[in-house]
Amino acid sequence: MSRIFISGSSTGLGLMAAELLTEQGHQIVLHARNAARARDAHRALPKAEAVVIGDLETIAGATDVAAEVNKLGRFDAVIHNAAVGYHEAHRLTSDGLPHVFAINTLSAYILTALIDRPKRLVYLSSGMHHDADANLDDMLWKKRRWNGSEAYAESKLHDAMLAFAIARRWPDVFSNSLEPGWVPTKMGGPGAPDDMAQAHLTQAWLAAGDDPKADVTGEYFYHMKHRAANPQARDPDLQNRLLAICAEISGVALPA
C-alpha cells in the first residue's frame with residue numbers, strides 16, 4: 001500500500017485517479033480549494049484519509065497546503081494535478097501574478113519544494129505543451145498580449161520541465177510527467193475527443209509503485225506508454241532558469 005497526496009482532487013481527473021488508487025488499496029489524501037469543494041470530495045470518496053483545504057493561486061495558500069500535507073506525515077507519492085484550463089481570461093492574483101502561471105506552474109514548484117520529499121512525483125502536463133515555448137523571459141505576461149491557450153500550454157511545458165529538473169537533481173526520487181489526453185472533463189469541454197477511461201490511469205500507475213515498469217525517472221508518458229516531450233523540457237539550462245525564477249518569485253528555495 002502506498003500513501004498518496006493528489007493536488008486539485010476534488011473533481012475531474014484528480015478525483016478519478018484517487019478513486020482508482022483507493023480501489024487498489026492505497027491510502028489517499030485529497031485536496032480542495034475551499035471547504036465546499038472539500039465536502040463534495042469527501043462525499044465522493046468517503047474512504048479518503050483526509051481532504052486538505054487551500055487555494056493554490058497564492059504563494060501563501062500553496063505554502064499553507066504544503067504545511068498541512070506535512071502535518072499528516074510522510075507520503076510515498078505526490079500527484080501534481082491541480083490546474084486551470086486554456087479558456088482563462090487574464091486575471092492577476094493577490095500576489096500580482098497571472099493566475100494560470102500561479103496555479104499551474106508556481107504552485108507545483110512550491111509544493112515540490114516544501115512537501116517532505118516522497119519516493120514518487122508525478123506532474124500532469126498536456127499535449128498542448130508540445131508546441132509551446134517556455135517564454136522564461138516573459139512568464140508573467142508583461143510584454144505580450146494575453147492568450148489563455150498559450151498561457152496554459154506554456155504552464156504545462158513548465159510542469160514537464162519541473163518533473164525533469166527534479167529527476168536530475170533528486171536521483172533518489174522517481175519524477176515523471178504525462179499527458180492525460182484531451183478528454184471531456186470540465187476543463188477539457190464536452191467536445192474533447194480522447195478516451196476518458198484512459199485519462200487517469202497513467203498518473204495512478206506512476207504514483208502507486210505497484211509495477212516495476214513505473215520505476216523510472218525523467219520520463220514522459222501518454223496512456224502508460226513513453227512519448228517524446230517538447231525538447232525544451234529536456235534542456236538543463238532552461239530547467240535551471242525556471243527553478244531560479246520560481247524561487248525568486250515565491251521566496252521558496254528548492255532543497256538540494
# chains A, B, ... in the order shown; residues from 1 in each chain; ligands from 1
>>> closest_atom_pairs(of="segment 102-134 of chain A", to="segment 223-232 of chain A", cutoff="8 Å", atoms="only C-alpha atoms", output="tab-separated table")
residue	atom	partner	partner_atom	distance
A:His129	CA	A:Asn230	CA	6.8
A:His130	CA	A:Asn230	CA	4.8
A:Asp131	CA	A:Asn230	CA	7.3
A:Ala132	CA	A:Asn230	CA	7.9
A:Asp133	CA	A:Gln232	CA	7.6
A:Ala134	CA	A:Gln232	CA	7.3
>>> write_last_selection(atoms="N, CA, C and O atoms", output="mmCIF file, in the first residue's frame")
data_model
loop_
_atom_site.group_PDB
_atom_site.id
_atom_site.type_symbol
_atom_site.label_atom_id
_atom_site.label_comp_id
_atom_site.auth_asym_id
_atom_site.auth_seq_id
_atom_site.Cartn_x
_atom_site.Cartn_y
_atom_site.Cartn_z
ATOM 1 N N HIS A 129 1.531 21.092 -24.660
ATOM 2 C CA HIS A 129 2.875 21.558 -24.342
ATOM 3 C C HIS A 129 3.851 21.336 -25.494
ATOM 4 O O HIS A 129 4.886 21.995 -25.571
ATOM 5 N N HIS A 130 3.504 20.411 -26.387
ATOM 6 C CA HIS A 130 4.438 20.062 -27.459
ATOM 7 C C HIS A 130 4.764 21.234 -28.366
ATOM 8 O O HIS A 130 5.885 21.340 -28.879
ATOM 9 N N ASP A 131 3.809 22.121 -28.583
ATOM 10 C CA ASP A 131 4.015 23.249 -29.490
ATOM 11 C C ASP A 131 4.256 24.556 -28.749
ATOM 12 O O ASP A 131 4.263 25.629 -29.358
ATOM 13 N N ALA A 132 4.465 24.466 -27.445
ATOM 14 C CA ALA A 132 4.637 25.676 -26.639
ATOM 15 C C ALA A 132 6.103 26.094 -26.584
ATOM 16 O O ALA A 132 7.015 25.308 -26.845
ATOM 17 N N ASP A 133 6.295 27.362 -26.211
ATOM 18 C CA ASP A 133 7.617 27.882 -25.890
ATOM 19 C C ASP A 133 7.616 28.228 -24.412
ATOM 20 O O ASP A 133 6.613 28.734 -23.885
ATOM 21 N N ALA A 134 8.722 27.972 -23.738
ATOM 22 C CA ALA A 134 8.770 28.218 -22.294
ATOM 23 C C ALA A 134 8.629 29.699 -21.958
ATOM 24 O O ALA A 134 8.129 30.043 -20.880
#
>>> closest_atom_pairs(of="segment 154-243 of chain A", to="segment 111-128 of chain A", cutoff="10 Å", atoms="only C-alpha atoms", output="CSV")
residue,atom,partner,partner_atom,distance
A:Glu154,CA,A:Met128,CA,8.4
A:Ser155,CA,A:Ser125,CA,8.2
A:Lys156,CA,A:Ser125,CA,4.6
A:Leu157,CA,A:Ser125,CA,6.7
A:His158,CA,A:Ser125,CA,8.3
A:Asp159,CA,A:Ser125,CA,5.9
A:Ala160,CA,A:Ser125,CA,6.1
A:Met161,CA,A:Ser125,CA,9.6
A:Leu162,CA,A:Tyr123,CA,8.1
A:Ala163,CA,A:Tyr123,CA,6.3
A:Phe164,CA,A:Tyr123,CA,9.7
A:Ile166,CA,A:Leu121,CA,8.7
A:Ala167,CA,A:Leu121,CA,9.0
A:Trp170,CA,A:Arg117,CA,9.4
A:Asp172,CA,A:Lys119,CA,7.3
A:Val173,CA,A:Lys119,CA,5.0
A:Phe174,CA,A:Arg120,CA,4.7
A:Ser175,CA,A:Leu121,CA,4.6
A:Asn176,CA,A:Val122,CA,5.2
A:Ser177,CA,A:Tyr123,CA,4.6
A:Leu178,CA,A:Leu124,CA,5.3
A:Glu179,CA,A:Ser126,CA,4.5
A:Pro180,CA,A:Ser126,CA,6.8
A:Gly181,CA,A:Gly127,CA,6.6
A:Trp182,CA,A:Gly127,CA,7.5
A:Thr202,CA,A:Val122,CA,9.5
A:Gln203,CA,A:Val122,CA,6.5
A:Ala204,CA,A:Val122,CA,8.9
A:Trp205,CA,A:Val122,CA,9.9
A:Leu206,CA,A:Val122,CA,6.9
A:Ala207,CA,A:Arg120,CA,6.1
A:Ala208,CA,A:Arg120,CA,8.6
A:Gly209,CA,A:Arg120,CA,8.1
A:Ala214,CA,A:Arg120,CA,9.8
A:Asp215,CA,A:Arg120,CA,9.0
A:Val216,CA,A:Arg120,CA,9.6
A:Thr217,CA,A:Arg120,CA,8.9
A:Tyr220,CA,A:Ser125,CA,9.1
A:Phe221,CA,A:Ser125,CA,9.6
A:Tyr222,CA,A:Gly127,CA,8.9
A:Ala229,CA,A:Gly127,CA,9.1
A:Asn230,CA,A:Gly127,CA,9.6
>>> write_last_selection(atoms="C-alpha atoms", output="CSV table (one decimal), in the first residue's frame")
chain,number,residue,atom,x,y,z
A,154,GLU,CA,3.4,27.2,-21.5
A,155,SER,CA,2.4,26.2,-18.0
A,156,LYS,CA,2.1,22.6,-19.0
A,157,LEU,CA,5.6,22.8,-20.6
A,158,HIS,CA,6.8,24.3,-17.3
A,159,ASP,CA,5.4,21.3,-15.4
A,160,ALA,CA,7.3,18.8,-17.7
A,161,MET,CA,10.4,20.9,-17.2
A,162,LEU,CA,9.9,20.8,-13.4
A,163,ALA,CA,9.5,17.0,-13.5
A,164,PHE,CA,12.7,16.5,-15.5
A,166,ILE,CA,13.6,17.2,-10.2
A,167,ALA,CA,14.6,13.8,-11.8
A,170,TRP,CA,16.9,14.3,-6.8
A,172,ASP,CA,16.5,9.1,-5.2
A,173,VAL,CA,13.0,10.1,-6.4
A,174,PHE,CA,11.1,8.8,-9.4
A,175,SER,CA,9.9,12.0,-11.0
A,176,ASN,CA,7.9,11.8,-14.2
A,177,SER,CA,5.4,13.8,-16.3
A,178,LEU,CA,2.5,12.8,-18.5
A,179,GLU,CA,-0.3,14.0,-20.7
A,180,PRO,CA,-3.8,12.5,-19.9
A,181,GLY,CA,-5.2,13.3,-23.3
A,182,TRP,CA,-7.8,15.9,-24.3
A,202,THR,CA,-1.1,6.8,-16.1
A,203,GLN,CA,-0.8,9.1,-13.1
A,204,ALA,CA,-2.2,6.4,-10.8
A,205,TRP,CA,0.2,3.8,-12.2
A,206,LEU,CA,3.2,6.1,-11.8
A,207,ALA,CA,2.2,7.0,-8.3
A,208,ALA,CA,1.2,3.6,-6.9
A,209,GLY,CA,4.6,1.9,-7.2
A,214,ALA,CA,6.9,2.5,-13.4
A,215,ASP,CA,10.3,2.6,-11.6
A,216,VAL,CA,11.7,5.1,-14.0
A,217,THR,CA,12.5,8.8,-13.7
A,220,TYR,CA,7.2,11.4,-20.3
A,221,PHE,CA,4.1,9.3,-20.8
A,222,TYR,CA,0.8,9.1,-22.6
A,229,ALA,CA,8.4,15.6,-24.7
A,230,ASN,CA,8.9,19.1,-26.1
>>> closest_residue(among="A:Val84, A:Glu23, A:Ile4, A:Leu13", to="Ala50 of chain A", atoms="only C-alpha atoms")
A:Ile4
>>> residues_around(residues="Ser149 of chain A", least_positions_apart="3", cutoff="9 Å", atoms="only C-alpha atoms", output="MDAnalysis selection string")
chainID A and resid 85:88 128 152:154
>>> write_last_selection(atoms="N, CA, C and O atoms", output="short mmCIF file (atom, residue, chain, number, x, y, z; two decimals), in the first residue's frame")
data_model
loop_
_atom_site.label_atom_id
_atom_site.label_comp_id
_atom_site.auth_asym_id
_atom_site.auth_seq_id
_atom_site.Cartn_x
_atom_site.Cartn_y
_atom_site.Cartn_z
N GLY A 85 -7.61 25.76 -16.85
CA GLY A 85 -7.54 25.37 -18.25
C GLY A 85 -7.11 26.44 -19.22
O GLY A 85 -6.50 27.45 -18.87
N TYR A 86 -7.48 26.24 -20.47
CA TYR A 86 -6.95 27.05 -21.57
C TYR A 86 -7.92 28.11 -22.07
O TYR A 86 -7.64 28.79 -23.05
N HIS A 87 -9.05 28.26 -21.39
CA HIS A 87 -10.00 29.30 -21.79
C HIS A 87 -9.98 30.49 -20.84
O HIS A 87 -10.89 31.30 -20.84
N GLU A 88 -8.94 30.58 -20.01
CA GLU A 88 -8.91 31.57 -18.94
C GLU A 88 -8.64 32.98 -19.46
O GLU A 88 -7.73 33.19 -20.27
N MET A 128 -0.84 19.91 -25.32
CA MET A 128 -0.61 21.26 -25.83
C MET A 128 0.80 21.75 -25.56
O MET A 128 1.25 22.74 -26.16
N TYR A 152 -1.76 28.51 -20.96
CA TYR A 152 -1.96 27.15 -20.46
C TYR A 152 -0.88 26.22 -21.01
O TYR A 152 -0.27 25.44 -20.26
N ALA A 153 -0.64 26.28 -22.32
CA ALA A 153 0.35 25.40 -22.95
C ALA A 153 1.74 25.64 -22.35
O ALA A 153 2.48 24.68 -22.07
N GLU A 154 2.09 26.90 -22.15
CA GLU A 154 3.38 27.22 -21.52
C GLU A 154 3.47 26.60 -20.13
O GLU A 154 4.49 26.02 -19.75
#
>>> atom_distance(atom1="atom CA of Ala66 of chain A", atom2="atom CA of Ile28 of chain A")
15.5 Å
>>> select_by_dssp(residues="segment 88-217 of chain A", states="alpha helix (DSSP H)", output="PyMOL selection string")
chain A and resi 99-100+107-114+148-169+201-208
>>> residues_around(residues="Ile103 of chain A", least_positions_apart="6", cutoff="9 Å", atoms="only C-alpha atoms", output="PDB file with C-alpha atoms, in the first residue's frame")
ATOM      1  CA  ASP A  55      -6.163  27.860  -2.539  1.00  0.00           C
ATOM      2  CA  LEU A  56      -3.083  27.274  -4.661  1.00  0.00           C
ATOM      3  CA  GLU A  57      -3.343  30.522  -6.591  1.00  0.00           C
ATOM      4  CA  THR A  58      -1.459  32.444  -3.890  1.00  0.00           C
ATOM      5  CA  ALA A  62       0.349  26.955  -1.638  1.00  0.00           C
ATOM      6  CA  ALA A  82      -4.116  20.990  -9.808  1.00  0.00           C
ATOM      7  CA  ALA A  83      -4.575  23.292 -12.790  1.00  0.00           C
ATOM      8  CA  VAL A  84      -6.848  25.729 -14.560  1.00  0.00           C
ATOM      9  CA  SER A 155       2.428  26.249 -17.976  1.00  0.00           C
TER      10      SER A 155
END
